[in-house]
Amino acid sequence: MQVLKDLLVSSPKKIVITTHQKPDADALGSSLALYNYLKKYHHHITVVTPTDYPQFLFWMPGNNCVINYEENDYNRNYADKAIEAADIIFCLDFSSWERLKKVSNSVKNAKATRVLIDHHLDPTVEADHKMWYPLAAATCELIFDFICQMGDKHLIDIEIGECIYSGIMTDTGSFRFPSTSKKIHLIIADLIEIGVDNSKIHRMIYDNNSQEKLRFLGFVLNQKLHVIDNMNTAYIAISKEELAMFNSQTGDTEGLVNYALSIEGVIFAVIIIEREDAIKMSFRSSGDFKANEFASLHFEGGGHKNAAGGKSNTSYKETLEKFLNILPSYQQMLNAEYQSQPNLIPC
Ligand code: 5GP
Ligand code: MN
């Protein structure tokens with residue numbers, strides 16, 4: 001930390017901050033919190049995202065400076081040059097290179113000092129400095145710690161605070177996941193004390209739905225949600241045509257899988273989405289059922305025990321068939337996990 005601190009405070013540096021594809025509020029929030037903080041040292045900073053991200057994050061302070069790598073050639077060239085020339089590259093909220101998509105080559109080949117700040121399991125990203133805590137609730141929590149460890153807690157202003165608040169709020173499921181520790185509440189208390197408007201941020205992120213997004217949600221819950229009772233599993237599969245029917249935008253499918261998990265008796269929830277380039281899958285589980293193991297064994301993915309993702313390069317139909325064929329081999333495990341959980345409905 002001291003080496004990094006000396007590097008950051010000695011003189012203005014060329015810095016790149018990057019995060020995972022389709023950034024969520026924690027990925028973008030940690031990137032922009034760090035951006036707003038490092039600006040105070042007059043560094044030259046470029047924030048690069050591998051892809052676009054949902055519009056409900058555009059309000060975040062610093063959003064205007066973000067370069068979306070895949071948007072056009074100008075952005076790609078600009079980002080590649082910044083990465084090549086950088087003294088320091090911060091890699092935030094991801095643990096494997098594939099999550100950087102096409103940005104990964106330039107970052108891997110850059111001569112810059114690399115700093116990884118992340119809370120995902122099994123990091124395979126090599127870095128000169130690592131602030132890696134899989135028990136952290138959010139990368140934004142680690143950015144708060146990072147600023148404190150730099151001795152700069154007093155520099156956390158409303159802009160930085162809003163970004164940090166957003167990432168912690170969303171990655172803790174609005175402060176309800178087990179990761180919501182006392183420390184998290186103390187950080188949030190500090191942020192509210194400096195003037196961060198928690199209620200405003202909640203509205204900006206959760207109450208900015210388009211009509212089409214809500215009608216899409218209605219369609220999915222009504223027609224696409226399937227429950228397999230004897231396997232304590234629920235799944236949703238959405239085709240390209242269905243996405244197009246509702247003019248679905250980046251972010252519109254986020255959180256759908258959680259509805260499936262919220263059904264009484266469901267231990268394992270899966271969503272399969274036919275995207276342009278591949279089939280994207282999200283896995284959610286409760287208790288000890290390891291969604292990340294399922295994802296990595298069968299669908300080239302990984303993640304956390306209760307929240308994981310993966311993909312498939314076969315067709316949409318074949319992917320769904322593969323999933324349904326694999327599932328029965330987990331039946332015993334799923335049933336046992338259900339039996340071991342407290343029964344909320346008295347018999
Ligand atoms: P989501 O389902 O929200 O896209 O992702 C949930 C978690 O699963 C993420 O925080 C990330 O750790 C992990 N994840 C999602 N997609 C992938 C993937 O393709 N590969 C790996 N290794 N992890 C993923
Ligand atoms: Mn995160």
# chains A, B, ... in the order shown; residues from 1 in each chain; ligands from 1
>>> residues_around(residues="Asn313 of chain A", least_positions_apart="3", cutoff="12 Å", atoms="only C-alpha atoms", output="mmCIF file with C-alpha atoms, in the first residue's frame")
data_model
loop_
_atom_site.group_PDB
_atom_site.id
_atom_site.type_symbol
_atom_site.label_atom_id
_atom_site.label_comp_id
_atom_site.auth_asym_id
_atom_site.auth_seq_id
_atom_site.Cartn_x
_atom_site.Cartn_y
_atom_site.Cartn_z
ATOM 1 C CA ILE A 273 -30.986 -15.243 -22.467
ATOM 2 C CA GLU A 274 -30.307 -15.420 -26.182
ATOM 3 C CA ARG A 275 -28.009 -12.471 -26.850
ATOM 4 C CA GLU A 276 -26.565 -11.451 -30.228
ATOM 5 C CA ASP A 277 -23.127 -12.994 -29.651
ATOM 6 C CA ALA A 278 -23.831 -15.918 -27.290
ATOM 7 C CA ILE A 279 -26.279 -17.369 -24.821
ATOM 8 C CA LYS A 280 -25.897 -15.643 -21.449
ATOM 9 C CA MET A 281 -26.905 -17.442 -18.272
ATOM 10 C CA HIS A 298 -21.438 -26.970 -17.258
ATOM 11 C CA PHE A 299 -21.541 -23.450 -18.699
ATOM 12 C CA GLU A 300 -18.006 -21.980 -18.846
ATOM 13 C CA GLY A 310 -22.016 -18.449 -17.504
ATOM 14 C CA TYR A 316 -30.746 -21.246 -27.458
ATOM 15 C CA LYS A 317 -32.811 -24.409 -27.762
ATOM 16 C CA GLU A 318 -29.843 -26.717 -27.201
ATOM 17 C CA THR A 319 -28.734 -24.707 -24.174
ATOM 18 C CA LEU A 320 -32.144 -25.032 -22.560
ATOM 19 C CA LYS A 322 -28.708 -29.199 -21.881
#
>>> residues_around(residues="segment 103-107 of chain A", least_positions_apart="6", cutoff="12 Å", atoms="only C-alpha atoms", output="ChimeraX atom specification")
/A:16-21,47-51,67-70,75-91,94-97,113-116,125-127
>>> closest_atom_pairs(of="chain A", to="ligand 2", cutoff="6 Å", atoms="only C-alpha atoms and all ligand atoms", output="tab-separated table")
residue	atom	partner	partner_atom_place_in_ligand_line	distance
A:Asp26	CA	ligand 2	1 (Mn)	4.9
A:Ala27	CA	ligand 2	1 (Mn)	6.0
A:Asp93	CA	ligand 2	1 (Mn)	5.3
A:Ala138	CA	ligand 2	1 (Mn)	4.7
A:Thr139	CA	ligand 2	1 (Mn)	5.1
A:Asp171	CA	ligand 2	1 (Mn)	5.9
>>> atom_distance(atom1="atom CA of Leu121 of chain A", atom2="atom 12 (O, counted along the ligand's line) of ligand 1")
7.4 Å
>>> residues_near_ligand(ligand="ligand 1", cutoff="8 Å", atoms="only C-alpha atoms and all ligand atoms", output="list in words")
Phe94, Ser95, Ser96, Glu98, Arg99, His120, Leu121, Glu254, Gly255, Lys280, Met281, Ser282, Phe283, Arg284, Asn292, Ala295, Ser296, Glu300, Gly301, Gly302, Gly303, His304, Ala307, Ala308, Gly309, Gly310 and Lys311 of chain A
>>> write_last_selection(atoms="N, CA, C and O atoms", output="CSV table (one decimal), in the first residue's frame")
chain,number,residue,atom,x,y,z
A,94,PHE,N,-13.7,-7.2,-11.1
A,94,PHE,CA,-13.7,-8.5,-11.9
A,94,PHE,C,-12.4,-9.3,-11.6
A,94,PHE,O,-11.4,-8.7,-11.2
A,95,SER,N,-12.5,-10.6,-11.8
A,95,SER,CA,-11.4,-11.4,-11.4
A,95,SER,C,-10.8,-12.3,-12.5
A,95,SER,O,-9.8,-12.9,-12.4
A,96,SER,N,-11.5,-12.3,-13.7
A,96,SER,CA,-10.9,-13.0,-14.8
A,96,SER,C,-10.9,-12.2,-16.1
A,96,SER,O,-11.8,-11.4,-16.3
A,98,GLU,N,-11.5,-12.6,-19.1
A,98,GLU,CA,-12.6,-12.6,-20.1
A,98,GLU,C,-13.7,-11.6,-19.9
A,98,GLU,O,-14.4,-11.2,-20.8
A,99,ARG,N,-13.8,-11.2,-18.6
A,99,ARG,CA,-14.8,-10.2,-18.2
A,99,ARG,C,-14.5,-8.8,-18.8
A,99,ARG,O,-15.3,-7.9,-18.8
A,120,HIS,N,-14.5,-10.8,-6.1
A,120,HIS,CA,-15.0,-12.1,-6.7
A,120,HIS,C,-14.0,-13.2,-6.3
A,120,HIS,O,-12.9,-13.0,-5.9
A,121,LEU,N,-14.5,-14.4,-6.4
A,121,LEU,CA,-13.7,-15.6,-6.0
A,121,LEU,C,-12.7,-15.9,-7.1
A,121,LEU,O,-12.8,-15.5,-8.2
A,254,GLU,N,-31.7,-7.4,-16.0
A,254,GLU,CA,-31.1,-7.5,-14.7
A,254,GLU,C,-32.1,-7.7,-13.6
A,254,GLU,O,-33.1,-7.1,-13.6
A,255,GLY,N,-31.8,-8.7,-12.8
A,255,GLY,CA,-32.7,-8.9,-11.6
A,255,GLY,C,-33.8,-9.8,-11.9
A,255,GLY,O,-34.5,-10.3,-10.9
A,280,LYS,N,-26.4,-16.1,-22.8
A,280,LYS,CA,-25.9,-15.6,-21.4
A,280,LYS,C,-26.8,-16.3,-20.4
A,280,LYS,O,-28.0,-16.4,-20.5
A,281,MET,N,-26.1,-16.8,-19.3
A,281,MET,CA,-26.9,-17.4,-18.3
A,281,MET,C,-26.6,-16.8,-16.9
A,281,MET,O,-25.4,-16.5,-16.7
A,282,SER,N,-27.6,-16.7,-16.1
A,282,SER,CA,-27.4,-16.3,-14.7
A,282,SER,C,-27.9,-17.3,-13.8
A,282,SER,O,-29.0,-17.9,-14.1
A,283,PHE,N,-27.2,-17.6,-12.7
A,283,PHE,CA,-27.6,-18.6,-11.7
A,283,PHE,C,-27.7,-18.0,-10.4
A,283,PHE,O,-26.8,-17.2,-10.0
A,284,ARG,N,-28.7,-18.3,-9.6
A,284,ARG,CA,-28.9,-17.8,-8.2
A,284,ARG,C,-29.3,-19.0,-7.4
A,284,ARG,O,-30.1,-19.9,-7.8
A,292,ASN,N,-22.0,-21.3,-8.4
A,292,ASN,CA,-20.8,-21.1,-9.1
A,292,ASN,C,-20.2,-22.4,-9.6
A,292,ASN,O,-19.7,-22.5,-10.8
A,295,ALA,N,-22.2,-23.5,-12.6
A,295,ALA,CA,-21.9,-22.6,-13.8
A,295,ALA,C,-20.5,-23.0,-14.4
A,295,ALA,O,-20.4,-23.1,-15.6
A,296,SER,N,-19.5,-23.3,-13.5
A,296,SER,CA,-18.2,-23.6,-14.1
A,296,SER,C,-18.1,-25.0,-14.6
A,296,SER,O,-17.5,-25.2,-15.6
A,300,GLU,N,-19.2,-22.9,-18.7
A,300,GLU,CA,-18.0,-22.0,-18.8
A,300,GLU,C,-18.1,-20.7,-18.0
A,300,GLU,O,-17.7,-19.6,-18.4
A,301,GLY,N,-18.6,-20.9,-16.8
A,301,GLY,CA,-18.8,-19.6,-16.0
A,301,GLY,C,-18.2,-19.8,-14.6
A,301,GLY,O,-17.3,-20.6,-14.3
A,302,GLY,N,-18.7,-19.0,-13.7
A,302,GLY,CA,-18.3,-19.0,-12.3
A,302,GLY,C,-18.9,-17.9,-11.6
A,302,GLY,O,-20.0,-17.3,-12.0
A,303,GLY,N,-18.4,-17.5,-10.5
A,303,GLY,CA,-18.9,-16.4,-9.7
A,303,GLY,C,-19.0,-16.8,-8.2
A,303,GLY,O,-18.1,-17.4,-7.7
A,304,HIS,N,-20.0,-16.3,-7.5
A,304,HIS,CA,-20.1,-16.6,-6.1
A,304,HIS,C,-21.0,-17.8,-5.8
A,304,HIS,O,-21.7,-18.3,-6.8
A,307,ALA,N,-24.5,-16.6,-6.4
A,307,ALA,CA,-24.8,-15.7,-7.6
A,307,ALA,C,-23.7,-15.9,-8.6
A,307,ALA,O,-22.6,-15.6,-8.4
A,308,ALA,N,-24.0,-16.6,-9.7
A,308,ALA,CA,-23.0,-16.9,-10.7
A,308,ALA,C,-23.5,-16.7,-12.1
A,308,ALA,O,-24.7,-16.4,-12.3
A,309,GLY,N,-22.6,-16.7,-13.1
A,309,GLY,CA,-23.0,-16.5,-14.4
A,309,GLY,C,-22.3,-17.5,-15.3
A,309,GLY,O,-21.3,-18.1,-14.9
A,310,GLY,N,-22.7,-17.6,-16.6
A,310,GLY,CA,-22.0,-18.4,-17.5
A,310,GLY,C,-22.5,-18.2,-18.9
A,310,GLY,O,-23.3,-17.3,-19.1
A,311,LYS,N,-22.0,-19.0,-19.8
A,311,LYS,CA,-22.5,-18.8,-21.2
A,311,LYS,C,-22.5,-20.1,-22.0
A,311,LYS,O,-22.0,-21.1,-21.5
>>> atom_distance(atom1="atom CA of Lys224 of chain A", atom2="atom CA of Val266 of chain A")
15.9 Å
>>> closest_residue(among="A:Lys200, A:Leu217, A:Leu191, A:Asp229", to="Leu155 of chain A", atoms="only C-alpha atoms")
A:Leu191
>>> select_by_dssp(residues="segment 118-240 of chain A", states="alpha helix (DSSP H)", output="ChimeraX atom specification")
/A:139-149,158-171,182-193,198-206,211-219,240
>>> select_by_dssp(residues="segment 176-294 of chain A", states="strand (DSSP E or B)", output="VMD selection string")
chain A and resid 225 to 228 233 to 238 268 to 274 279 to 285
>>> closest_atom_pairs(of="segment 170-266 of chain A", to="segment 327-337 of chain A", cutoff="12 Å", atoms="only C-alpha atoms", output="Markdown table")
| residue | atom | partner | partner_atom | distance |
| --- | --- | --- | --- | --- |
| A:Ile228 | CA | A:Leu327 | CA | 10.0 |
| A:Asp229 | CA | A:Asn335 | CA | 9.8 |
| A:Asn230 | CA | A:Asn335 | CA | 7.6 |
| A:Met231 | CA | A:Gln331 | CA | 5.2 |
| A:Asn232 | CA | A:Leu334 | CA | 6.2 |
| A:Thr233 | CA | A:Leu334 | CA | 8.0 |
| A:Ala234 | CA | A:Leu327 | CA | 11.0 |
| A:Tyr235 | CA | A:Leu327 | CA | 11.1 |
| A:Gly265 | CA | A:Asn335 | CA | 9.4 |
| A:Val266 | CA | A:Leu334 | CA | 8.9 |
>>> write_last_selection(atoms="C-alpha atoms", output="CSV table (one decimal), in the first residue's frame")
chain,number,residue,atom,x,y,z
A,228,ILE,CA,-39.9,-27.5,-11.4
A,229,ASP,CA,-41.3,-28.3,-8.0
A,230,ASN,CA,-39.7,-31.6,-7.4
A,231,MET,CA,-36.3,-30.1,-8.1
A,232,ASN,CA,-36.8,-26.9,-6.1
A,233,THR,CA,-35.8,-25.1,-9.3
A,234,ALA,CA,-37.3,-22.3,-11.3
A,235,TYR,CA,-36.0,-21.1,-14.7
A,265,GLY,CA,-39.5,-23.7,-2.2
A,266,VAL,CA,-37.1,-22.6,-4.9
>>> decode(residues="segment 62-149 of chain A", atoms="C-alpha atoms", output="tab-separated table (two decimals), in the first residue's frame")
chain	number	residue	atom	x	y	z
A	62	GLY	CA	-18.21	11.40	-13.74
A	63	ASN	CA	-20.35	9.35	-16.15
A	64	ASN	CA	-19.64	11.83	-18.98
A	65	CYS	CA	-15.98	10.91	-19.05
A	66	VAL	CA	-16.53	7.14	-19.51
A	67	ILE	CA	-15.23	5.64	-22.76
A	68	ASN	CA	-17.33	2.72	-23.98
A	69	TYR	CA	-14.72	0.63	-25.82
A	70	GLU	CA	-17.06	-1.09	-28.22
A	71	GLU	CA	-19.11	1.98	-29.13
A	72	ASN	CA	-16.96	3.07	-32.12
A	73	ASP	CA	-13.43	3.08	-33.60
A	74	TYR	CA	-12.64	6.48	-32.13
A	75	ASN	CA	-13.30	5.21	-28.60
A	76	ARG	CA	-11.31	2.02	-29.23
A	77	ASN	CA	-8.26	3.94	-30.48
A	78	TYR	CA	-8.51	6.50	-27.72
A	79	ALA	CA	-8.78	3.82	-25.03
A	80	ASP	CA	-5.98	1.68	-26.51
A	81	LYS	CA	-3.65	4.70	-26.58
A	82	ALA	CA	-4.52	5.64	-23.00
A	83	ILE	CA	-3.94	2.04	-21.85
A	84	GLU	CA	-0.61	1.82	-23.68
A	85	ALA	CA	0.61	5.11	-22.21
A	86	ALA	CA	-0.72	4.55	-18.70
A	87	ASP	CA	1.52	4.57	-15.63
A	88	ILE	CA	-1.14	2.82	-13.53
A	89	ILE	CA	-4.15	0.71	-14.53
A	90	PHE	CA	-6.84	-0.03	-11.96
A	91	CYS	CA	-8.85	-3.20	-12.62
A	92	LEU	CA	-12.06	-3.02	-10.62
A	93	ASP	CA	-14.79	-5.55	-9.79
A	94	PHE	CA	-13.67	-8.48	-11.93
A	95	SER	CA	-11.37	-11.42	-11.39
A	96	SER	CA	-10.88	-13.03	-14.80
A	97	TRP	CA	-9.65	-11.47	-18.04
A	98	GLU	CA	-12.58	-12.65	-20.14
A	99	ARG	CA	-14.79	-10.19	-18.22
A	100	LEU	CA	-12.87	-7.36	-19.96
A	101	LYS	CA	-13.85	-8.69	-23.39
A	102	LYS	CA	-11.86	-6.90	-26.12
A	103	VAL	CA	-10.16	-4.51	-23.68
A	104	SER	CA	-8.28	-7.43	-22.11
A	105	ASN	CA	-5.48	-7.64	-24.71
A	106	SER	CA	-4.42	-4.03	-24.37
A	107	VAL	CA	-4.57	-4.18	-20.57
A	108	LYS	CA	-2.60	-7.45	-20.42
A	109	ASN	CA	0.11	-6.06	-22.72
A	110	ALA	CA	0.38	-2.63	-21.09
A	111	LYS	CA	3.57	-1.78	-19.23
A	112	ALA	CA	1.69	0.07	-16.49
A	113	THR	CA	1.65	-0.88	-12.82
A	114	ARG	CA	-1.53	-2.93	-12.45
A	115	VAL	CA	-3.79	-2.67	-9.40
A	116	LEU	CA	-6.65	-5.12	-8.83
A	117	ILE	CA	-9.45	-4.16	-6.45
A	118	ASP	CA	-12.11	-6.86	-6.34
A	119	HIS	CA	-14.35	-9.15	-4.30
A	120	HIS	CA	-14.96	-12.06	-6.70
A	121	LEU	CA	-13.73	-15.59	-6.03
A	122	ASP	CA	-10.60	-17.14	-7.54
A	123	PRO	CA	-8.92	-14.16	-9.20
A	124	THR	CA	-6.80	-15.11	-12.20
A	125	VAL	CA	-5.91	-11.53	-13.10
A	126	GLU	CA	-2.24	-10.88	-12.36
A	127	ALA	CA	-1.50	-7.53	-10.73
A	128	ASP	CA	1.38	-5.71	-9.02
A	129	HIS	CA	-0.93	-4.67	-6.19
A	130	LYS	CA	-3.99	-6.60	-5.11
A	131	MET	CA	-6.74	-5.49	-2.80
A	132	TRP	CA	-8.77	-8.66	-3.04
A	133	TYR	CA	-11.34	-9.54	-0.39
A	134	PRO	CA	-13.97	-12.11	-1.44
A	135	LEU	CA	-15.90	-11.39	1.76
A	136	ALA	CA	-16.33	-7.73	0.90
A	137	ALA	CA	-19.95	-6.90	0.09
A	138	ALA	CA	-19.00	-4.76	-2.90
A	139	THR	CA	-15.98	-3.39	-4.72
A	140	CYS	CA	-17.32	0.00	-3.62
A	141	GLU	CA	-16.70	-1.07	-0.01
A	142	LEU	CA	-13.07	-1.71	-0.99
A	143	ILE	CA	-12.80	1.68	-2.67
A	144	PHE	CA	-13.99	3.27	0.56
A	145	ASP	CA	-11.31	1.27	2.43
A	146	PHE	CA	-8.71	2.19	-0.19
A	147	ILE	CA	-9.36	5.91	0.22
A	148	CYS	CA	-9.24	5.53	4.02
A	149	GLN	CA	-5.97	3.59	3.81
